[in-house]
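What's in model09.txt: compact mmCIF, C-alpha atoms
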# COMPACT_ATOMS: atom_id res chain seq x y z
CA MET A 1 0.00 0.00 0.00
CA PRO A 2 1.31 3.50 -0.80
CA VAL A 3 2.25 5.73 2.09
CA THR A 4 -0.42 8.35 2.85
CA LYS A 5 -0.48 11.64 4.70
CA ASP A 6 -2.27 9.93 7.61
CA ASP A 7 0.44 7.27 7.78
CA VAL A 8 3.10 9.98 8.04
CA LEU A 9 1.15 11.84 10.74
CA ALA A 10 0.83 8.62 12.73
CA ALA A 11 4.59 8.07 12.55
CA LEU A 12 5.33 11.67 13.48
CA ALA A 13 3.13 11.33 16.59
CA GLU A 14 6.07 9.43 18.11
CA VAL A 15 8.37 12.45 17.61
CA GLU A 16 8.49 14.82 20.57
CA ALA A 17 8.80 18.59 20.29
CA PRO A 18 11.16 20.39 22.72
CA ASP A 19 8.22 20.93 25.08
CA GLY A 20 7.36 17.21 25.08
CA ARG A 21 4.25 17.40 22.88
CA PRO A 22 3.85 15.06 19.89
CA LEU A 23 4.99 16.89 16.77
CA PRO A 24 1.58 16.84 15.02
CA LYS A 25 0.02 18.52 18.08
CA THR A 26 2.34 21.54 17.98
CA GLY A 27 0.82 23.28 14.95
CA ALA A 28 4.28 23.53 13.44
CA LEU A 29 3.76 21.10 10.56
CA SER A 30 3.03 22.28 7.05
CA GLU A 31 0.83 20.41 4.62
CA ILE A 32 2.33 16.94 4.14
CA VAL A 33 2.79 15.74 0.58
CA ALA A 34 3.16 11.96 0.19
CA SER A 35 3.33 10.55 -3.32
CA ASP A 36 4.88 7.42 -4.80
CA GLY A 37 7.05 6.81 -1.76
CA LYS A 38 8.31 10.38 -1.57
CA VAL A 39 7.40 12.57 1.41
CA PHE A 40 7.76 16.35 1.73
CA PHE A 41 6.87 18.69 4.60
CA SER A 42 8.25 21.54 6.67
CA ILE A 43 8.30 22.51 10.34
CA THR A 44 7.69 26.19 11.07
CA VAL A 45 8.81 27.62 14.43
CA ASP A 46 9.75 30.94 15.99
CA ALA A 47 13.26 32.07 15.08
CA ALA A 48 14.22 32.35 18.75
CA VAL A 49 13.92 28.57 19.27
CA VAL A 50 15.04 27.29 15.88
CA GLN A 51 18.22 25.66 17.22
CA ALA A 52 16.24 23.57 19.69
CA TRP A 53 14.05 22.32 16.83
CA GLU A 54 16.87 21.20 14.54
CA GLU A 55 17.16 17.91 16.44
CA VAL A 56 13.38 17.45 16.09
CA ARG A 57 13.72 17.91 12.34
CA LYS A 58 16.44 15.27 12.17
CA VAL A 59 14.42 12.78 14.20
CA ALA A 60 11.30 13.43 12.10
CA GLU A 61 13.25 12.84 8.92
CA LYS A 62 14.73 9.61 10.30
CA VAL A 63 11.36 8.29 11.52
CA VAL A 64 9.60 8.92 8.21
CA LYS A 65 12.46 7.53 6.15
CA ALA A 66 12.23 4.28 8.15
CA MET A 67 8.58 3.79 7.19
CA PRO A 68 7.88 0.89 4.83
CA GLY A 69 7.28 2.15 1.32
CA VAL A 70 9.12 5.46 1.78
CA SER A 71 11.97 5.95 -0.70
CA SER A 72 12.93 9.55 0.05
CA VAL A 73 12.10 12.30 2.54
CA MET A 74 12.59 16.07 2.51
CA VAL A 75 11.99 18.00 5.73
CA ALA A 76 12.70 21.74 5.96
CA LEU A 77 12.93 23.74 9.18
CA THR A 78 11.39 27.19 8.66
CA ALA A 79 12.01 30.00 11.15
CA GLU A 80 9.97 33.19 11.44
CA ARG A 81 9.86 35.96 13.97
CA LYS A 82 6.80 36.82 16.03
CA GLY A 83 4.79 39.71 14.67
CA GLY A 84 5.60 38.78 11.08
CA ALA A 85 9.11 40.27 10.99
CA PRO A 86 11.50 38.40 8.73
CA ALA A 87 13.71 35.79 10.33
CA PRO A 88 17.25 34.75 9.56
CA ALA A 89 17.53 32.08 6.89
CA ALA A 90 16.29 28.77 8.21
CA ARG A 91 18.45 25.70 8.04
CA PRO A 92 17.74 23.56 4.96
CA PRO A 93 17.37 19.78 5.12
CA GLN A 94 20.48 17.85 6.13
CA GLY A 95 22.90 17.57 3.26
CA ALA A 96 21.42 20.46 1.28
CA PRO A 97 23.57 23.53 0.52
CA SER A 98 23.14 26.46 2.88
CA GLY A 99 22.04 28.91 0.20
CA ARG A 100 25.16 31.09 0.43
CA PRO A 101 26.08 32.70 -2.87
CA ALA A 102 29.63 31.36 -2.84
CA HIS A 103 31.90 28.82 -1.24
CA THR A 104 35.52 29.28 -0.22
CA HIS A 105 38.69 27.60 -1.32
CA GLY A 106 42.07 28.49 0.08
CA GLY A 107 40.58 31.51 1.81
CA GLN A 108 39.27 32.97 -1.47
CA ALA A 109 35.57 33.34 -2.30
CA GLN A 110 34.54 31.17 -5.25
CA GLY A 111 31.41 31.17 -7.40
CA PRO A 112 28.59 28.72 -6.77
CA ALA A 113 29.28 25.10 -7.67
CA GLY A 114 27.88 23.85 -10.96
CA VAL A 115 25.75 20.78 -11.56
CA PRO A 116 28.05 17.85 -12.45
CA GLY A 117 27.91 17.04 -16.15
CA VAL A 118 26.03 20.21 -17.14
CA THR A 119 28.00 22.72 -19.21
CA SER A 120 25.60 25.69 -19.19
CA ILE A 121 22.50 26.55 -17.18
CA ILE A 122 20.11 29.22 -18.41
CA ALA A 123 16.96 30.57 -16.78
CA VAL A 124 13.82 31.35 -18.78
CA ALA A 125 11.98 33.97 -16.76
CA SER A 126 9.24 36.56 -16.82
CA GLY A 127 8.22 39.34 -14.52
CA LYS A 128 4.61 38.13 -14.46
CA GLY A 129 2.53 35.08 -15.30
CA GLY A 130 0.42 34.53 -18.38
CA VAL A 131 2.98 35.56 -20.99
CA GLY A 132 3.71 32.04 -22.28
CA LYS A 133 7.03 31.58 -20.50
CA SER A 134 6.72 27.81 -19.97
CA THR A 135 5.63 27.18 -23.56
CA THR A 136 8.57 29.27 -24.71
CA ALA A 137 10.96 27.40 -22.40
CA ILE A 138 10.04 23.94 -23.65
CA ASN A 139 10.08 24.94 -27.33
CA LEU A 140 13.36 26.78 -26.82
CA ALA A 141 14.80 23.60 -25.32
CA LEU A 142 13.57 21.61 -28.31
CA GLY A 143 15.07 24.21 -30.64
CA LEU A 144 18.43 23.82 -28.91
CA ARG A 145 18.04 20.05 -29.25
CA ASP A 146 17.50 20.48 -33.00
CA LEU A 147 20.78 22.40 -33.12
CA GLY A 148 22.57 19.25 -31.95
CA MET A 149 22.82 20.02 -28.23
CA LYS A 150 22.08 17.67 -25.34
CA VAL A 151 19.39 19.50 -23.38
CA GLY A 152 17.72 19.14 -20.01
CA VAL A 153 14.75 21.07 -18.62
CA LEU A 154 14.16 21.80 -14.94
CA ASP A 155 10.71 23.03 -13.97
CA ALA A 156 11.51 25.41 -11.11
CA ASP A 157 7.91 26.52 -10.55
CA ILE A 158 7.13 24.68 -7.32
CA TYR A 159 3.68 26.22 -6.87
CA GLY A 160 2.51 25.85 -10.46
CA PRO A 161 4.59 23.26 -12.35
CA SER A 162 3.83 23.19 -16.09
CA LEU A 163 6.08 20.46 -17.46
CA PRO A 164 3.71 17.52 -16.77
CA LYS A 165 1.03 19.21 -18.90
CA LEU A 166 3.30 20.57 -21.62
CA LEU A 167 4.91 17.15 -22.18
CA ALA A 168 1.93 14.92 -21.20
CA ILE A 169 4.06 13.16 -18.58
CA ARG A 170 2.13 11.08 -16.07
CA GLU A 171 4.73 8.57 -14.92
CA LYS A 172 6.79 9.05 -11.77
CA PRO A 173 10.60 9.32 -11.76
CA GLU A 174 12.48 6.23 -10.62
CA THR A 175 14.74 6.29 -7.57
CA VAL A 176 18.46 5.54 -8.01
CA ASN A 177 20.17 3.92 -5.00
CA GLY A 178 17.32 5.05 -2.78
CA ASN A 179 18.40 8.69 -2.55
CA ARG A 180 18.60 10.14 -6.06
CA LEU A 181 15.99 10.59 -8.77
CA LYS A 182 16.26 9.54 -12.38
CA PRO A 183 14.80 12.24 -14.65
CA ILE A 184 12.27 11.43 -17.36
CA GLN A 185 13.14 11.43 -21.05
CA ARG A 186 10.75 12.99 -23.56
CA TYR A 187 11.34 14.17 -27.15
CA GLY A 188 15.08 13.82 -26.63
CA LEU A 189 15.03 16.05 -23.55
CA THR A 190 15.98 15.14 -19.99
CA VAL A 191 13.30 16.66 -17.78
CA MET A 192 12.43 17.03 -14.09
CA SER A 193 9.57 18.74 -12.24
CA ILE A 194 8.04 18.68 -8.76
CA GLY A 195 4.84 18.03 -10.70
CA PHE A 196 6.08 14.52 -11.49
CA LEU A 197 6.07 13.71 -7.76
CA VAL A 198 2.64 14.99 -6.70
CA GLU A 199 -0.88 14.79 -8.05
CA GLU A 200 -1.93 17.54 -10.46
CA GLU A 201 -4.38 19.21 -8.08
CA THR A 202 -2.23 18.94 -4.94
CA PRO A 203 -1.52 22.44 -3.59
CA MET A 204 2.10 23.07 -2.58
CA ILE A 205 1.49 24.98 0.66
CA TRP A 206 5.16 25.65 1.36
CA ARG A 207 7.09 28.62 2.70
CA GLY A 208 10.19 30.03 1.04
CA PRO A 209 12.82 27.79 2.70
CA MET A 210 10.91 24.68 1.65
CA VAL A 211 10.80 25.92 -1.93
CA MET A 212 14.54 26.61 -1.82
CA SER A 213 15.22 23.13 -0.46
CA ALA A 214 13.09 21.48 -3.14
CA LEU A 215 14.92 23.36 -5.90
CA THR A 216 18.28 22.47 -4.41
CA GLN A 217 17.37 18.79 -4.33
CA MET A 218 16.13 18.82 -7.92
CA LEU A 219 19.44 20.35 -8.96
CA ARG A 220 21.79 18.27 -6.81
CA GLU A 221 19.98 14.98 -6.24
CA VAL A 222 18.86 14.17 -9.79
CA GLU A 223 20.92 12.07 -12.21
CA TRP A 224 21.06 14.68 -14.97
CA GLY A 225 23.85 12.97 -16.88
CA THR A 226 25.88 14.91 -19.45
CA LEU A 227 24.13 17.99 -20.85
CA ASP A 228 25.29 20.86 -23.02
CA VAL A 229 22.62 23.10 -21.55
CA MET A 230 19.96 22.96 -18.84
CA VAL A 231 16.95 25.19 -19.45
CA VAL A 232 15.31 26.22 -16.18
CA ASP A 233 11.66 27.21 -16.46
CA MET A 234 11.41 29.77 -13.66
CA PRO A 235 8.24 30.74 -11.83
CA PRO A 236 6.96 34.25 -12.62
CA GLY A 237 8.18 37.13 -10.51
CA THR A 238 11.37 37.87 -8.60
CA GLY A 239 11.25 35.76 -5.44
CA ASP A 240 12.83 32.83 -3.62
CA ALA A 241 13.21 30.56 -6.64
CA GLN A 242 15.10 33.17 -8.66
CA LEU A 243 17.41 33.97 -5.74
CA THR A 244 18.01 30.28 -5.07
CA MET A 245 19.02 29.64 -8.68
CA ALA A 246 21.31 32.67 -8.76
CA GLN A 247 22.98 31.61 -5.49
CA GLN A 248 23.17 27.85 -5.91
CA VAL A 249 24.36 27.47 -9.51
CA PRO A 250 26.50 29.50 -11.92
CA LEU A 251 23.77 30.65 -14.31
CA LYS A 252 25.17 31.38 -17.74
CA GLY A 253 22.37 33.84 -18.31
CA ALA A 254 18.64 34.51 -18.39
CA VAL A 255 16.11 34.72 -21.20
CA ILE A 256 13.27 37.15 -20.48
CA VAL A 257 9.85 36.40 -22.02
CA SER A 258 7.28 39.16 -22.41
CA THR A 259 4.25 40.05 -24.45
CA PRO A 260 4.35 43.40 -26.28
CA GLN A 261 1.95 45.47 -24.16
CA ASP A 262 3.14 48.01 -21.62
CA LEU A 263 1.73 46.15 -18.59
CA ALA A 264 3.83 43.06 -19.31
CA LEU A 265 6.89 45.10 -20.21
CA ILE A 266 6.84 46.85 -16.82
CA ASP A 267 7.26 43.44 -15.18
CA ALA A 268 9.88 42.38 -17.74
CA ARG A 269 11.95 45.39 -16.67
CA ARG A 270 11.75 44.20 -13.07
CA GLY A 271 13.01 40.81 -14.19
CA ILE A 272 15.96 42.37 -15.99
CA ALA A 273 16.75 44.50 -12.93
CA MET A 274 16.56 41.48 -10.62
CA PHE A 275 19.01 39.41 -12.67
CA LYS A 276 21.32 42.43 -12.90
CA ARG A 277 21.38 42.75 -9.11
CA VAL A 278 22.41 39.11 -8.68
CA ASN A 279 25.03 39.42 -11.45
CA VAL A 280 23.34 37.10 -13.96
CA PRO A 281 23.71 38.29 -17.58
CA VAL A 282 20.56 38.69 -19.67
CA LEU A 283 20.92 36.65 -22.86
CA GLY A 284 18.04 38.52 -24.45
CA ILE A 285 14.30 39.12 -24.64
CA VAL A 286 11.65 37.13 -26.49
CA GLU A 287 8.42 38.80 -27.59
CA ASN A 288 5.66 36.19 -27.25
CA MET A 289 2.11 36.56 -28.66
CA SER A 290 3.68 39.15 -30.91
CA THR A 291 0.97 39.37 -33.54
CA PHE A 292 -2.09 37.46 -34.76
CA ILE A 293 -2.84 36.49 -38.35
CA CYS A 294 -6.51 35.69 -38.92
CA PRO A 295 -6.68 32.15 -40.34
CA ASN A 296 -9.79 33.02 -42.38
CA CYS A 297 -8.96 36.36 -44.00
CA GLY A 298 -5.20 36.60 -43.47
CA THR A 299 -5.50 40.01 -41.82
CA ARG A 300 -2.88 40.90 -39.24
CA HIS A 301 -4.01 42.02 -35.80
CA ASP A 302 -1.61 43.30 -33.12
CA ILE A 303 -3.84 42.29 -30.22
CA PHE A 304 -1.27 43.06 -27.53
CA GLY A 305 0.63 45.60 -29.58
CA HIS A 306 3.83 44.80 -31.44
CA GLY A 307 7.52 45.57 -31.07
CA GLY A 308 7.47 46.49 -27.39
CA ALA A 309 9.95 43.80 -26.39
CA ARG A 310 12.33 44.75 -29.20
CA HIS A 311 12.21 48.35 -28.00
CA GLU A 312 12.99 47.27 -24.42
CA ALA A 313 15.90 45.16 -25.62
CA GLU A 314 17.33 48.17 -27.43
CA ARG A 315 16.72 50.38 -24.42
CA PHE A 316 18.61 48.08 -22.05
CA GLY A 317 21.31 47.10 -24.52
CA VAL A 318 20.49 43.38 -24.54
CA PRO A 319 19.85 41.15 -27.55
CA PHE A 320 16.38 40.82 -29.02
CA LEU A 321 16.10 37.06 -29.51
CA GLY A 322 12.99 36.97 -31.68
CA GLU A 323 9.22 36.99 -31.70
CA VAL A 324 6.56 34.27 -31.62
CA PRO A 325 3.03 34.91 -32.93
CA LEU A 326 -0.25 34.40 -31.11
CA ASP A 327 -1.59 31.30 -32.80
CA MET A 328 -4.12 28.58 -32.03
CA ALA A 329 -1.70 25.84 -33.10
CA ILE A 330 0.80 26.78 -30.38
CA ARG A 331 -1.93 26.83 -27.73
CA GLU A 332 -3.49 23.55 -28.89
CA THR A 333 -0.22 21.63 -29.08
CA SER A 334 0.86 22.94 -25.68
CA ASP A 335 -2.41 21.95 -24.02
CA ALA A 336 -2.19 18.49 -25.60
CA GLY A 337 1.36 17.89 -24.39
CA LEU A 338 2.62 17.90 -27.98
CA PRO A 339 5.02 20.87 -28.19
CA ILE A 340 4.97 22.39 -31.63
CA VAL A 341 8.72 22.21 -32.32
CA ALA A 342 8.60 18.44 -31.75
CA THR A 343 5.31 17.65 -33.46
CA GLN A 344 5.21 20.20 -36.30
CA PRO A 345 8.93 20.62 -36.97
CA ASP A 346 8.52 21.88 -40.54
CA GLY A 347 6.02 24.62 -39.69
CA PRO A 348 6.68 28.36 -39.37
CA HIS A 349 6.26 28.38 -35.59
CA ALA A 350 8.91 25.72 -35.09
CA ALA A 351 11.19 27.76 -37.32
CA ALA A 352 10.61 30.83 -35.13
CA TYR A 353 11.55 28.92 -31.98
CA ARG A 354 14.64 27.43 -33.64
CA ALA A 355 15.75 30.92 -34.70
CA ILE A 356 15.43 32.05 -31.07
CA ALA A 357 17.36 28.95 -29.98
CA ALA A 358 20.13 29.77 -32.45
CA ASN A 359 20.41 33.27 -31.00
CA VAL A 360 20.62 31.82 -27.49
CA ARG A 361 23.25 29.32 -28.59
CA ASP A 362 25.31 32.14 -30.06
CA GLN A 363 25.13 33.94 -26.71
CA LEU A 364 26.40 30.81 -24.94
CA GLY A 365 29.33 30.35 -27.31
CA PRO A 366 32.84 31.80 -27.03
CA GLY A 367 32.60 35.45 -26.18
CA GLY A 368 29.02 35.10 -24.94
CA PRO A 369 27.88 36.30 -21.51
CA SER A 370 29.39 34.85 -18.38
CA LYS A 371 29.36 35.72 -14.71
CA ALA A 372 32.00 38.34 -15.47
CA ALA A 373 29.97 40.04 -18.20
CA PRO A 374 29.37 43.79 -18.02
CA ARG A 375 26.46 44.71 -15.80
CA ILE A 376 23.23 46.00 -17.30
CA VAL A 377 22.43 49.50 -16.11
CA VAL A 378 18.78 49.92 -15.11
CA ASP A 379 17.50 53.36 -14.21
CA SER A 380 15.70 53.40 -10.86
Translate the structure of the given file into structure tokens.
Amino acid sequence: MPVTKDDVLAALAEVEAPDGRPLPKTGALSEIVASDGKVFFSITVDAAVVQAWEEVRKVAEKVVKAMPGVSSVMVALTAERKGGAPAPAARPPQGAPSGRPAHTHGGQAQGPAGVPGVTSIIAVASGKGGVGKSTTAINLALGLRDLGMKVGVLDADIYGPSLPKLLAIREKPETVNGNRLKPIQRYGLTVMSIGFLVEEETPMIWRGPMVMSALTQMLREVEWGTLDVMVVDMPPGTGDAQLTMAQQVPLKGAVIVSTPQDLALIDARRGIAMFKRVNVPVLGIVENMSTFICPNCGTRHDIFGHGGARHEAERFGVPFLGEVPLDMAIRETSDAGLPIVATQPDGPHAAAYRAIAANVRDQLGPGGPSKAAPRIVVDS
């Protein structure tokens, strides 16, 4: 029988909090996610007593991992101050990196460690949701594949993972040696998402440190193999996930996706500014839903405007990577889990994505952006 949330709660009833109460009775537990032998939850306590709770976290992790049918466990300890004031960074699960932006070697600060076997990591980001970022990310990855590169895709949107839908993946990743996950292969891509581990409608009611821990594990505890490039589909906005990626791995750069209208471009500017502040080069901007051609009369309609992203690229001195039209075929293939670059490779939309991929590849080549690239100046 698969392990359930109730099974985990019953096991955790044997774990005592520092005041002697059973852990489930303390009110410190987050929503427990149990799926296919994998268990995730966090413990939230006041920052003043976080050290006393670290041993509780370790015991809870040990107890759940010993349960029959459990293959892996992730437990985060989240600290917050009374009155809602921010707390110091909580300790991540045992064995996970601390979240510091650099490590030291010989007394000198070094950049964040890379993912073994992965040459370049790029983030596909947007300042807001609803601009087609995930569809762009997966078709960009397929475009890079068509250029002869070995490509992986990490879905970093913990709260709203899109990869299971975009690739019609319903199977669960296999466990390697009981403590690492084997990613899923689809259309020649190596892919991983938190959505592969939980049911589609399961809400991820997690605080920031839990999100950071989950991302760290998907980066460090997955058998990615040898990749030329890993495309990371970021969640919208400028929060914990973006900071975690910038601190935990040496991002080669970021691709910003926006629609042409002013409202979306305002948020795209915030995305550019955020990556600038964490010293991640911007590889360029993609204008999605750029224009609409009526399939009946052939008339062009700029529903969201046109050319706004190109103008922003020129304004900030970053490359304009290309534009993708608003078209029913892209929406239909995405909803069906049949990405258009893979399933309609000879069509004009696939050609547009491959042209964007070629521009990204050129940015990654010799002389392309790196952590030492000139900073982008953003007016405040």
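If only C-alpha atoms are the atoms counted, then among A:Gln242, A:Thr135, A:Thr291, A:Ser258 the closest residue to Glu332 in chain A is A:Thr135.
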Exercise. Could you state the separation of CA of Leu326 in chain A and CA of Ile285 in chain A in Å, given to one decimal place?
Worked result: 16.6 Å
For this session: Give me the residues within 7 Å of Val75 in chain A as number ranges by chain, counting all atoms listed in the file and dropping any in the same chain fewer than 4 places off.
Result: A: 40-42, 57, 61, 93
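Going from CA of Met149 in chain A to CA of Lys252 in chain A covers 15.6 Å.
Residues lying within 7 Å of range 222-227 of chain A, counting only C-alpha atoms and ignoring same-chain neighbours fewer than 4 positions away, are A:Gly117, A:Val118, A:Thr119, A:Lys150, A:Val151, A:Gly152, A:Arg180, A:Leu181, A:Lys182, A:Pro183, A:Met218.
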Which residues are close to Val8 in chain A, i.e. within 12 Å by all atoms listed in the file, leaving aside same-chain residues fewer than 2 positions away? Reply as a compact mmCIF listing (two decimals) with C-alpha atoms, keeping the file's coordinate frame.
# COMPACT_ATOMS: atom_id res chain seq x y z
CA PRO A 2 1.31 3.50 -0.80
CA VAL A 3 2.25 5.73 2.09
CA THR A 4 -0.42 8.35 2.85
CA LYS A 5 -0.48 11.64 4.70
CA ASP A 6 -2.27 9.93 7.61
CA ALA A 10 0.83 8.62 12.73
CA ALA A 11 4.59 8.07 12.55
CA LEU A 12 5.33 11.67 13.48
CA ALA A 13 3.13 11.33 16.59
CA GLU A 14 6.07 9.43 18.11
CA VAL A 15 8.37 12.45 17.61
CA LEU A 23 4.99 16.89 16.77
CA PRO A 24 1.58 16.84 15.02
CA LEU A 29 3.76 21.10 10.56
CA GLU A 31 0.83 20.41 4.62
CA ILE A 32 2.33 16.94 4.14
CA VAL A 33 2.79 15.74 0.58
CA ALA A 34 3.16 11.96 0.19
CA SER A 35 3.33 10.55 -3.32
CA GLY A 37 7.05 6.81 -1.76
CA LYS A 38 8.31 10.38 -1.57
CA VAL A 39 7.40 12.57 1.41
CA PHE A 40 7.76 16.35 1.73
CA PHE A 41 6.87 18.69 4.60
CA ALA A 60 11.30 13.43 12.10
CA GLU A 61 13.25 12.84 8.92
CA LYS A 62 14.73 9.61 10.30
CA VAL A 63 11.36 8.29 11.52
CA VAL A 64 9.60 8.92 8.21
CA LYS A 65 12.46 7.53 6.15
CA ALA A 66 12.23 4.28 8.15
CA MET A 67 8.58 3.79 7.19
CA PRO A 68 7.88 0.89 4.83
CA GLY A 69 7.28 2.15 1.32
CA VAL A 70 9.12 5.46 1.78
CA VAL A 73 12.10 12.30 2.54
Exercise. Residues at most 8 Å from Gly322 in chain A, counting all atoms listed in the file, excluding those fewer than 3 positions away in the same chain, as a PyMOL selection string?
Worked result: chain A and resi 285-287+352+355-356
For this session: Rank nothing, just name the residue among A:Pro235, A:Gly132, A:Pro281, A:Pro116 nearest to Pro325 in chain A, using all atoms listed in the file.
Result: A:Gly132
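Counting from CA of Gly130 in chain A, the distance to CA of Met210 in chain A is 24.7 Å.
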Exercise. Smallest atom-to-atom distance to Ile43 in chain A: which of A:Ala76, A:Val255, A:Glu55, A:Ala268, using all atoms listed in the file?
Worked result: A:Ala76
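Every protein, DNA or RNA residue with an atom at most 7 Å from range 338-348 of chain A, where only C-alpha atoms count and chain neighbours fewer than 4 positions away do not, is listed here: Asn139, Leu142, Gly143, Leu166, Leu167, Tyr187, Ile330, Thr333, Ser334 and Ala352 of chain A.
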Selected residues, C-alpha atoms, written as a PDB file, keeping the file's coordinate frame, please.
ATOM      1  CA  ASN A 139      10.080  24.940 -27.330  1.00  0.00           C
ATOM      2  CA  LEU A 142      13.570  21.610 -28.310  1.00  0.00           C
ATOM      3  CA  GLY A 143      15.070  24.210 -30.640  1.00  0.00           C
ATOM      4  CA  LEU A 166       3.300  20.570 -21.620  1.00  0.00           C
ATOM      5  CA  LEU A 167       4.910  17.150 -22.180  1.00  0.00           C
ATOM      6  CA  TYR A 187      11.340  14.170 -27.150  1.00  0.00           C
ATOM      7  CA  ILE A 330       0.800  26.780 -30.380  1.00  0.00           C
ATOM      8  CA  THR A 333      -0.220  21.630 -29.080  1.00  0.00           C
ATOM      9  CA  SER A 334       0.860  22.940 -25.680  1.00  0.00           C
ATOM     10  CA  ALA A 352      10.610  30.830 -35.130  1.00  0.00           C
TER      11      ALA A 352
END
